[in-house]
Amino acid sequence: MSKKAPPKKEEKPAAAPKEEAKPAAAEEAAPKPQKAEKAKHEKKHREEKGVHAMYKVEDNKVIRARPTCERCGAGYFMADHHDRYTCGHCGFTRYKQK
Ligand SMILES: [Zn+2]
């Protein structure tokens, strides 16, 4: 009378799969191309302004583009309006002769 022991089942612990730590994908920090927005403020070049506009040099000679005020004398240029010249200093007005 012999008893046969049932074969023992050896349970192998399931090998846990290794979790491969994936290296974080190196995000390529591509330099963002800056928007080269050239804010062109193109002003309408209507009329030159400033003292330099009063003079023009031609053939080494200074030409005054505006008449000078008769009252104030040389050095006081008169504003060039469409029908008259006015002096901003004394208010003298000279109408253009057509
Ligand atoms: Zn004047």
# chains A, B, ... in the order shown; residues from 1 in each chain; ligands from 1

$ residues_near_ligand --ligand "ligand 1" --cutoff "8 Å" --atoms "only C-alpha atoms and all ligand atoms" --output "number ranges by chain"
A: 68-73, 76-78, 86-92

$ write_last_selection --atoms "N, CA, C and O atoms" --output "mmCIF file, in the first residue's frame"
data_model
loop_
_atom_site.group_PDB
_atom_site.id
_atom_site.type_symbol
_atom_site.label_atom_id
_atom_site.label_comp_id
_atom_site.auth_asym_id
_atom_site.auth_seq_id
_atom_site.Cartn_x
_atom_site.Cartn_y
_atom_site.Cartn_z
ATOM 1 N N THR A 68 11.628 135.745 -46.827
ATOM 2 C CA THR A 68 11.793 136.141 -45.432
ATOM 3 C C THR A 68 10.787 137.239 -45.108
ATOM 4 O O THR A 68 10.281 137.943 -45.982
ATOM 5 N N CYS A 69 10.558 137.360 -43.851
ATOM 6 C CA CYS A 69 9.562 138.340 -43.418
ATOM 7 C C CYS A 69 10.121 139.747 -43.606
ATOM 8 O O CYS A 69 11.285 140.012 -43.329
ATOM 9 N N GLU A 70 9.264 140.592 -44.067
ATOM 10 C CA GLU A 70 9.714 141.964 -44.290
ATOM 11 C C GLU A 70 9.831 142.712 -42.965
ATOM 12 O O GLU A 70 10.602 143.642 -42.834
ATOM 13 N N ARG A 71 9.040 142.323 -42.072
ATOM 14 C CA ARG A 71 9.063 143.036 -40.789
ATOM 15 C C ARG A 71 10.197 142.523 -39.903
ATOM 16 O O ARG A 71 10.915 143.302 -39.282
ATOM 17 N N CYS A 72 10.268 141.211 -39.844
ATOM 18 C CA CYS A 72 11.242 140.640 -38.911
ATOM 19 C C CYS A 72 12.645 140.631 -39.498
ATOM 20 O O CYS A 72 13.618 140.583 -38.755
ATOM 21 N N GLY A 73 12.699 140.677 -40.791
ATOM 22 C CA GLY A 73 13.999 140.706 -41.414
ATOM 23 C C GLY A 73 14.495 139.315 -41.777
ATOM 24 O O GLY A 73 13.755 138.330 -41.707
ATOM 25 N N TYR A 76 13.861 135.145 -40.627
ATOM 26 C CA TYR A 76 12.479 134.753 -40.317
ATOM 27 C C TYR A 76 11.798 134.382 -41.618
ATOM 28 O O TYR A 76 11.432 135.254 -42.401
ATOM 29 N N PHE A 77 11.668 133.129 -41.777
ATOM 30 C CA PHE A 77 11.042 132.668 -43.017
ATOM 31 C C PHE A 77 9.531 132.675 -42.863
ATOM 32 O O PHE A 77 8.989 132.547 -41.767
ATOM 33 N N MET A 78 8.915 132.786 -43.996
ATOM 34 C CA MET A 78 7.464 132.833 -43.980
ATOM 35 C C MET A 78 6.915 131.481 -44.431
ATOM 36 O O MET A 78 7.492 130.829 -45.300
ATOM 37 N N THR A 86 2.937 133.581 -44.798
ATOM 38 C CA THR A 86 2.684 134.198 -43.504
ATOM 39 C C THR A 86 3.915 134.037 -42.630
ATOM 40 O O THR A 86 4.643 133.056 -42.725
ATOM 41 N N CYS A 87 4.077 135.019 -41.789
ATOM 42 C CA CYS A 87 5.169 134.953 -40.842
ATOM 43 C C CYS A 87 4.621 134.442 -39.521
ATOM 44 O O CYS A 87 3.652 134.996 -38.988
ATOM 45 N N GLY A 88 5.243 133.412 -39.033
ATOM 46 C CA GLY A 88 4.773 132.868 -37.766
ATOM 47 C C GLY A 88 5.241 133.687 -36.578
ATOM 48 O O GLY A 88 4.775 133.484 -35.452
ATOM 49 N N HIS A 89 6.121 134.609 -36.855
ATOM 50 C CA HIS A 89 6.664 135.385 -35.740
ATOM 51 C C HIS A 89 5.788 136.601 -35.453
ATOM 52 O O HIS A 89 5.403 136.843 -34.312
ATOM 53 N N CYS A 90 5.480 137.339 -36.494
ATOM 54 C CA CYS A 90 4.701 138.558 -36.269
ATOM 55 C C CYS A 90 3.315 138.477 -36.900
ATOM 56 O O CYS A 90 2.458 139.315 -36.628
ATOM 57 N N GLY A 91 3.105 137.506 -37.709
ATOM 58 C CA GLY A 91 1.789 137.368 -38.293
ATOM 59 C C GLY A 91 1.641 138.095 -39.608
ATOM 60 O O GLY A 91 0.530 138.218 -40.143
ATOM 61 N N PHE A 92 2.735 138.536 -40.106
ATOM 62 C CA PHE A 92 2.679 139.242 -41.379
ATOM 63 C C PHE A 92 2.248 138.288 -42.487
ATOM 64 O O PHE A 92 2.699 137.139 -42.557
#

$ residues_around --residues "Met54 in chain A" --least-positions-apart "5" --cutoff "12 Å" --atoms "only C-alpha atoms" --output "list in words"
Glu47, Glu48, Lys49, Val62, Ile63, Arg64, Ala65, Arg66, Pro67, Thr68, Gly75, Tyr76, Phe77, Met78, Ala79 and Asp80 of chain A

$ atom_distance --atom1 "CA of Tyr85 in chain A" --atom2 "CA of His52 in chain A"
18.1 Å

$ atom_distance --atom1 "CA of His81 in chain A" --atom2 "CA of Gln97 in chain A"
12.5 Å

$ atom_distance --atom1 "CA of Lys96 in chain A" --atom2 "CA of Asp83 in chain A"
5.5 Å
